[in-house]
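Pasted below: structure_35.txt, compact mmCIF, C-alpha atoms.
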```txt
# COMPACT_ATOMS: atom_id res chain seq x y z
CA MET A 7 0.00 0.00 0.00
CA GLU A 8 1.43 3.32 -0.98
CA LYS A 9 2.11 5.90 1.66
CA GLU A 10 0.17 8.75 0.16
CA TYR A 11 -0.78 10.34 3.43
CA CYS A 12 2.03 12.85 3.58
CA ARG A 13 1.20 14.53 0.33
CA ASP A 14 -2.51 14.19 0.16
CA PHE A 15 -3.76 14.13 3.62
CA LEU A 16 -1.66 15.28 6.51
CA VAL A 17 0.66 18.14 5.72
CA ASP A 18 2.00 19.42 2.42
CA PHE A 19 5.66 18.47 2.08
CA GLY A 20 5.56 19.53 -1.58
CA ASP A 21 5.98 17.43 -4.69
CA ASP A 22 9.60 16.66 -3.85
CA GLY A 23 8.93 16.14 -0.13
CA ARG A 24 11.39 18.86 0.86
CA VAL A 25 9.06 21.55 2.19
CA LEU A 26 9.93 22.05 5.84
CA ILE A 27 7.16 21.86 8.41
CA PRO A 28 7.78 23.16 11.94
CA VAL A 29 7.45 20.63 14.75
CA VAL A 30 6.84 21.58 18.36
CA VAL A 31 8.32 18.94 20.66
CA GLN A 32 6.73 18.66 24.08
CA ASP A 33 7.49 16.33 26.97
CA PHE A 34 4.63 13.83 27.19
CA VAL A 35 4.74 13.78 31.00
CA THR A 36 5.92 17.19 32.20
CA LYS A 37 4.38 19.10 29.26
CA GLU A 38 7.57 21.18 29.00
CA VAL A 39 8.18 22.47 25.47
CA LEU A 40 11.59 21.06 24.57
CA ILE A 41 12.43 22.02 20.99
CA LEU A 42 11.12 23.70 17.89
CA ALA A 43 12.55 21.86 14.89
CA TYR A 44 11.64 21.11 11.28
CA THR A 45 10.68 18.03 9.32
CA ASN A 46 10.40 17.17 5.67
CA ARG A 47 8.75 14.03 4.35
CA GLU A 48 11.85 11.87 4.77
CA ALA A 49 12.34 12.92 8.41
CA PHE A 50 8.65 12.44 9.13
CA GLU A 51 8.59 8.92 7.71
CA GLU A 52 11.75 8.05 9.63
CA THR A 53 10.03 9.33 12.78
CA LEU A 54 7.02 7.11 12.10
CA ASN A 55 9.15 4.08 11.30
CA SER A 56 11.52 4.38 14.27
CA SER A 57 9.26 6.13 16.82
CA LEU A 58 12.28 8.35 17.49
CA ALA A 59 11.97 12.05 16.70
CA THR A 60 13.89 12.75 13.52
CA PHE A 61 14.18 16.18 11.98
CA TRP A 62 15.73 17.90 9.01
CA SER A 63 18.74 19.97 10.03
CA ARG A 64 18.58 23.30 8.23
CA SER A 65 22.17 24.17 9.16
CA ARG A 66 23.69 20.86 8.07
CA ASN A 67 21.08 20.19 5.38
CA GLU A 68 20.76 16.55 6.37
CA LEU A 69 18.56 14.12 8.25
CA TRP A 70 18.96 14.61 11.99
CA LYS A 71 17.95 11.79 14.27
CA LYS A 72 17.88 13.59 17.60
CA GLY A 73 20.13 11.77 20.09
CA LEU A 74 22.30 9.91 17.63
CA THR A 75 25.44 11.64 18.92
CA SER A 76 24.27 12.67 22.41
CA GLY A 77 22.18 9.66 23.37
CA ASP A 78 19.33 12.04 24.09
CA PHE A 79 16.80 10.27 21.87
CA LEU A 80 13.19 11.43 22.02
CA ARG A 81 10.63 8.63 21.83
CA VAL A 82 7.45 9.85 20.13
CA LYS A 83 4.32 8.89 22.05
CA GLU A 84 1.79 10.98 20.20
CA ILE A 85 1.61 13.12 17.07
CA ARG A 86 -0.86 15.97 16.64
CA VAL A 87 -1.49 18.23 13.69
CA ASN A 88 -2.80 21.79 13.79
CA CYS A 89 -6.01 23.14 12.29
CA GLU A 90 -4.36 24.40 9.12
CA GLN A 91 -2.22 21.28 8.71
CA ASN A 92 0.99 23.24 8.45
CA SER A 93 2.62 22.39 11.78
CA LEU A 94 3.02 19.31 13.97
CA LEU A 95 3.23 18.60 17.68
CA TYR A 96 5.21 15.61 18.93
CA LEU A 97 4.64 14.47 22.50
CA VAL A 98 7.79 12.63 23.51
CA GLU A 99 9.52 10.72 26.27
CA PRO A 100 13.16 11.81 26.50
CA GLN A 101 15.41 8.75 26.60
CA GLY A 102 18.46 10.60 27.90
CA GLU A 103 19.13 13.31 30.44
CA GLY A 104 18.31 16.34 28.32
CA ALA A 105 17.03 17.55 25.00
CA CYS A 106 19.13 20.61 24.18
CA HIS A 107 22.68 20.57 22.82
CA ALA A 108 23.48 23.51 25.15
CA LYS A 109 24.95 22.50 28.47
CA MET A 110 24.47 23.81 31.99
CA GLU A 111 27.48 24.76 34.13
CA ASN A 112 27.55 21.23 35.54
CA GLY A 113 27.98 19.86 32.01
CA LYS A 114 24.52 18.37 31.76
CA ALA A 115 22.24 19.24 28.88
CA PHE A 116 19.28 21.50 29.50
CA SER A 117 16.02 19.58 29.44
CA SER A 118 14.57 22.22 27.11
CA CYS A 119 16.07 24.52 24.50
CA PHE A 120 13.84 27.28 25.90
CA TYR A 121 15.90 27.66 29.09
CA ARG A 122 16.12 31.47 29.01
CA LYS A 123 13.34 33.74 30.14
CA LEU A 124 13.19 37.32 29.00
CA ARG A 125 12.33 40.30 31.14
CA LEU A 126 11.20 43.64 29.82
CA ASP A 127 12.70 46.32 32.06
CA GLY A 128 11.63 49.67 30.67
CA ASP A 129 12.87 49.62 27.11
CA ILE A 130 15.46 46.95 27.76
CA LEU A 131 14.81 43.29 27.18
CA GLU A 132 17.06 41.12 29.32
CA PHE A 133 17.74 37.44 29.73
CA LEU A 134 16.79 36.21 33.19
CA MET B 17 16.88 54.80 24.68
CA GLU B 18 16.83 52.93 21.38
CA LYS B 19 15.30 49.52 21.21
CA GLU B 20 18.25 47.67 19.79
CA TYR B 21 17.47 44.37 21.41
CA CYS B 22 15.56 42.82 18.56
CA ARG B 23 18.29 43.16 16.02
CA ASP B 24 21.38 42.82 18.13
CA PHE B 25 20.52 40.66 20.97
CA LEU B 26 17.45 38.53 21.00
CA VAL B 27 16.50 37.12 17.64
CA ASP B 28 17.46 38.20 14.14
CA PHE B 29 14.49 39.84 12.46
CA GLY B 30 16.76 41.03 9.65
CA ASP B 31 17.71 44.55 8.69
CA ASP B 32 14.15 45.38 7.67
CA GLY B 33 12.56 43.57 10.62
CA ARG B 34 10.55 41.32 8.35
CA VAL B 35 12.24 37.96 8.95
CA LEU B 36 9.61 35.65 10.46
CA ILE B 37 10.43 33.84 13.68
CA PRO B 38 8.27 30.92 14.80
CA VAL B 39 6.52 31.31 18.15
CA VAL B 40 5.23 28.39 20.19
CA VAL B 41 2.27 29.50 22.29
CA GLN B 42 1.66 27.50 25.44
CA ASP B 43 -1.00 27.89 28.14
CA PHE B 44 0.75 29.23 31.25
CA VAL B 45 -1.42 27.14 33.58
CA THR B 46 -2.38 23.95 31.76
CA LYS B 47 0.85 23.77 29.69
CA GLU B 48 -1.23 22.85 26.63
CA VAL B 49 0.43 23.93 23.37
CA LEU B 50 -2.14 26.21 21.74
CA ILE B 51 -0.69 27.61 18.53
CA LEU B 52 2.39 27.77 16.36
CA ALA B 53 2.51 31.21 14.77
CA TYR B 54 5.07 33.67 13.44
CA THR B 55 6.33 37.07 14.48
CA ASN B 56 8.39 39.76 12.85
CA ARG B 57 9.88 42.72 14.69
CA GLU B 58 6.69 44.81 14.48
CA ALA B 59 4.51 42.02 15.89
CA PHE B 60 7.06 41.29 18.62
CA GLU B 61 7.20 44.90 19.75
CA GLU B 62 3.41 45.12 19.71
CA THR B 63 3.34 41.99 21.89
CA LEU B 64 5.76 43.59 24.35
CA ASN B 65 3.88 46.89 24.39
CA SER B 66 0.39 45.42 24.78
CA SER B 67 1.16 42.14 26.60
CA LEU B 68 -1.24 40.55 24.13
CA ALA B 69 0.15 37.97 21.73
CA THR B 70 0.44 39.56 18.31
CA PHE B 71 1.69 37.73 15.26
CA TRP B 72 2.36 38.32 11.61
CA SER B 73 -0.27 36.64 9.44
CA ARG B 74 1.47 34.97 6.53
CA SER B 75 -1.79 34.41 4.64
CA ARG B 76 -3.09 37.97 5.01
CA ASN B 77 0.40 39.53 5.15
CA GLU B 78 -0.57 41.85 7.99
CA LEU B 79 -0.26 42.32 11.73
CA TRP B 80 -2.52 39.89 13.55
CA LYS B 81 -3.48 40.68 17.12
CA LYS B 82 -4.88 37.35 18.20
CA GLY B 83 -8.43 37.82 19.52
CA LEU B 84 -9.23 41.12 17.89
CA THR B 85 -12.14 39.60 16.00
CA SER B 86 -12.91 36.58 18.21
CA GLY B 87 -12.27 38.06 21.65
CA ASP B 88 -9.88 35.21 22.31
CA PHE B 89 -6.95 37.40 23.30
CA LEU B 90 -3.87 35.71 24.72
CA ARG B 91 -2.21 37.58 27.57
CA VAL B 92 1.53 36.94 27.57
CA LYS B 93 2.87 36.04 31.00
CA GLU B 94 6.35 34.93 30.06
CA ILE B 95 8.60 34.93 27.01
CA ARG B 96 11.37 32.42 26.48
CA VAL B 97 13.95 32.14 23.72
CA ASN B 98 15.62 28.97 22.49
CA CYS B 99 19.33 28.13 22.55
CA GLU B 100 19.95 29.22 18.98
CA GLN B 101 17.83 32.35 19.31
CA ASN B 102 15.73 31.53 16.29
CA SER B 103 12.42 30.66 17.94
CA LEU B 104 10.31 31.97 20.82
CA LEU B 105 7.98 30.50 23.40
CA TYR B 106 5.12 32.57 24.78
CA LEU B 107 3.43 31.37 27.96
CA VAL B 108 -0.05 32.86 27.90
CA GLU B 109 -3.32 33.17 29.75
CA PRO B 110 -6.22 32.85 27.29
CA GLN B 111 -8.70 35.69 27.86
CA GLY B 112 -11.54 34.04 25.96
CA GLU B 113 -12.94 30.56 25.63
CA GLY B 114 -10.57 29.17 23.06
CA ALA B 115 -7.47 29.81 21.01
CA CYS B 116 -8.18 28.21 17.64
CA HIS B 117 -10.34 29.68 14.89
CA ALA B 118 -11.69 26.16 14.26
CA LYS B 119 -14.90 25.38 16.08
CA MET B 120 -16.17 22.26 17.79
CA GLU B 121 -19.62 20.85 16.94
CA ASN B 122 -21.13 22.91 19.75
CA GLY B 123 -19.81 26.08 18.12
CA LYS B 124 -17.11 26.76 20.69
CA ALA B 125 -13.52 27.26 19.65
CA PHE B 126 -11.01 24.53 20.37
CA SER B 127 -8.68 25.49 23.20
CA SER B 128 -5.73 24.41 21.05
CA CYS B 129 -5.10 24.32 17.32
CA PHE B 130 -3.51 20.89 17.84
CA TYR B 131 -6.85 19.17 18.49
CA ARG B 132 -6.29 16.21 16.17
CA LYS B 133 -4.19 13.20 17.12
CA LEU B 134 -2.79 10.95 14.46
CA ARG B 135 -2.70 7.17 14.58
CA LEU B 136 -0.41 5.00 12.49
CA ASP B 137 -2.35 1.87 11.59
CA GLY B 138 -0.11 -0.23 9.43
CA ASP B 139 0.83 2.04 6.57
CA ILE B 140 -2.15 4.32 7.04
CA LEU B 141 -1.99 7.47 9.10
CA GLU B 142 -5.40 8.46 10.40
CA PHE B 143 -6.88 11.30 12.39
CA LEU B 144 -8.22 10.12 15.74
```
Using structure tokens, write down the structure that the file contains.
Amino acid sequence: MEKEYCRDFLVDFGDDGRVLIPVVVQDFVTKEVLILAYTNREAFEETLNSSLATFWSRSRNELWKKGLTSGDFLRVKEIRVNCEQNSLLYLVEPQGEGACHAKMENGKAFSSCFYRKLRLDGDILEFL
Amino acid sequence: MEKEYCRDFLVDFGDDGRVLIPVVVQDFVTKEVLILAYTNREAFEETLNSSLATFWSRSRNELWKKGLTSGDFLRVKEIRVNCEQNSLLYLVEPQGEGACHAKMENGKAFSSCFYRKLRLDGDILEFL
């Protein structure tokens, strides 16, 4: 049976499958938002086949199975699609100790890439 | 004091301020992911000034203060930025009954745009 769902049904990856769709990655248990990344059709199908979140790296222009170098794989428990079918939400169980490539002072990875709050102080926006 | 933070410090909206940055919008209390939208510099500054989530509509190519027509304003309680400073996370308190323009059968708006789960059944991906 042909996998026609990507093109015709779910999200539009384009005729060549290379259109990038943003993916919000959220911890299935804690509900923390971990990452905003991108997928094309190849990365999406690899995610479905392996149940491990796989993205398309815009900087390296290659398939990026999250955790392959760090061990911080993200097991996908649930996939949701938005109203307009142009973004995805993956609910995941982190298999390692963190999700971000940035490290805390103790050398451990941050659990989320969104580890910096901003504060508006008058006209100045500061990191907290 | 000049507002130099957008260009120099936080995220790169480009020289003309029109580069679009994805924004994950999450409910401050329930942690539900509500929307994935986009901001440019103008929409970001309007968000800071009004404390109401304001985006750039890609389809209408105009400033989009969420809730202006529906009443479903989103009050921004916290702003976070990711490691690479190319995406934002807004933690919000919905001021109306929903966040999505799509409506349930009873006519009320869905609280989140990500209201459809997907199920992989063999080779077929279905909405749940």
### Among listed residues B:Asp28, B:Glu142, B:Glu109, B:Glu121, nearest chain A (using all atoms listed in the file)
B:Glu142
### Query
Given a cut-off of 9 Å, which residues of chain B touch chain A, counting only C-alpha atoms, written out as JSON, numbers by chain?
{"B": [17, 18, 19, 20, 21, 22, 25, 26, 38, 39, 40, 42, 46, 47, 48, 49, 51, 52, 64, 94, 95, 96, 97, 98, 99, 100, 103, 104, 105, 116, 117, 118, 128, 129, 130, 131, 132, 133, 134, 135, 136, 139, 140, 141, 142, 143]}
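The coordinates place CA of Leu107 in chain B at 17.6 Å from CA of Val27 in chain B.
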Step by step, gather every atom of range 68-74 of chain A that the file lists, find the box along x, y and z that holds them, add 6 Å on each side, and finally give centre and edge lengths in Å to one decimal, as AutoDock Vina command-line options.
```
--center_x 20.1 --center_y 13.2 --center_z 13.2 --size_x 16.4 --size_y 18.6 --size_z 25.7
```
### Query
Can you list, as an MDAnalysis selection string, every protein, DNA or RNA residue that comes within 10 Å of Ser76 in chain A when you count all atoms listed in the file, leaving out same-chain residues fewer than 2 positions away?
chainID A and resid 72:74 78:79 102:107 115
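Going from CA of Ala49 in chain A over to CA of Arg74 in chain B, you cover 24.7 Å.
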### Query
Smallest atom-to-atom distance to Thr63 in chain B: which of B:Asp43, B:Asn77, B:Val35, B:Leu90, using all atoms listed in the file?
B:Leu90
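Residues in contact with Glu48 in chain A at up to 9 Å, not including ones fewer than 2 positions away on its chain and judged by all atoms listed in the file, are A:Gly23, A:Arg24, A:Thr45, A:Asn46, A:Phe50, A:Glu51, A:Glu52, A:Thr53, A:Phe61, A:Trp62, A:Leu69.
Picture a line from CA of Ser66 in chain B to CA of Arg91 in chain B; it runs 8.7 Å.
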